[in-house]
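Please read the structure below before turning to the comments.
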Amino acid sequence: MVNIALEHCANVHLYGFWPFSNHPFELNAVKNHYYDDKKGKWGVHSMPAEFDLLLRLHSQGVLKLHLGNCRPGRN
C-alpha cells in the first residue's frame, strides 16, 4: 500500500508503522494491530527490515513517518 501511495500521491504520511513490542516514547506494550490483540507472525513480514526502509525514506524526505500518538485535528 505504501508503494501505491508513493506512486499516486504528492504527500505520503504514515501512522502506526512500529515493528517493536514497546511504544517508542511511553515504553508501554503495543498491539500488533489496532483492531485485535493477536501476536504478529514474523514469517509473513520482516517488520524490522520494512521499518528500516520506511525510516530511510522518511530521512530522504520521500514520505513522513509519524511515530507519536495521533492527536485529533492535528498532523
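Convention: chains lettered A, B, ... in C-alpha cells order; per-chain residue numbering from 1; ligands numbered from 1 as shown.
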Q | Spatial neighbours of Leu55 in chain A, 9 Å, only C-alpha atoms, chain gap at least 6 places, as a list of chain:residue names | A |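 Surrounding residues, per the criterion: A:Leu63, A:Lys64, A:Leu65.
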Would you write out those residues with C-alpha atoms, as a compact mmCIF listing (two decimals), in the first residue's frame?
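That gives us part_19.txt:
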# COMPACT_ATOMS: atom_id res chain seq x y z
CA LEU A 63 7.45 10.28 2.99
CA LYS A 64 6.57 11.41 6.51
CA LEU A 65 6.68 8.73 9.19
Q) Please, what distance in Å, to one decimal, runs between CA of Gly16 in chain A and CA of Lys31 in chain A? A)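 Separation of CA of Gly16 in chain A and CA of Lys31 in chain A: 10.2 Å.
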(Q) Just to confirm, what's the straight-line distance from CA of Asn28 in chain A to CA of Gly61 in chain A in Å (one decimal)? (A)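 Separation between CA of Asn28 in chain A and CA of Gly61 in chain A: 28.9 Å.
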Q) Hey, which of A:His13, A:Leu6, A:Asp52, A:Trp18 ends up closest to Leu67 in chain A? Count only C-alpha atoms. A)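 Between A:His13, A:Leu6, A:Asp52, A:Trp18, the residue approaching Leu67 in chain A most closely is A:Trp18.
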Q | Gap from CA of Tyr15 in chain A to CA of His66 in chain A - Å, one decimal | A | 5.2 Å
Test item: residues at most 12 Å from Met1 in chain A, only C-alpha atoms, excluding those fewer than 6 positions along its chain, as a compact mmCIF listing (two decimals) with N, CA, C and O atoms, in the first residue's frame:
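The new file selection-v9.txt reads:
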# COMPACT_ATOMS: atom_id res chain seq x y z
N GLU A 7 3.38 6.20 -5.51
CA GLU A 7 3.20 6.37 -6.96
C GLU A 7 2.12 7.38 -7.31
O GLU A 7 2.20 8.05 -8.33
N HIS A 8 1.08 7.49 -6.46
CA HIS A 8 -0.09 8.28 -6.83
C HIS A 8 -0.32 9.55 -6.01
O HIS A 8 -1.17 10.35 -6.39
N CYS A 9 0.41 9.73 -4.92
CA CYS A 9 0.15 10.87 -4.03
C CYS A 9 1.36 11.78 -3.93
O CYS A 9 2.50 11.30 -3.90
N VAL A 12 2.88 11.68 1.31
CA VAL A 12 2.51 10.43 1.97
C VAL A 12 2.90 10.53 3.44
O VAL A 12 4.06 10.79 3.77
N LEU A 14 2.62 8.35 7.03
CA LEU A 14 2.37 7.01 7.56
C LEU A 14 2.25 7.05 9.08
O LEU A 14 3.08 7.64 9.76
Q | From A:Arg71, A:Leu54, A:Asn22, A:Val62, residue lying nearest Ala10 in chain A [only C-alpha atoms] | A |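 Smallest separation from Ala10 in chain A among the options: A:Val62.
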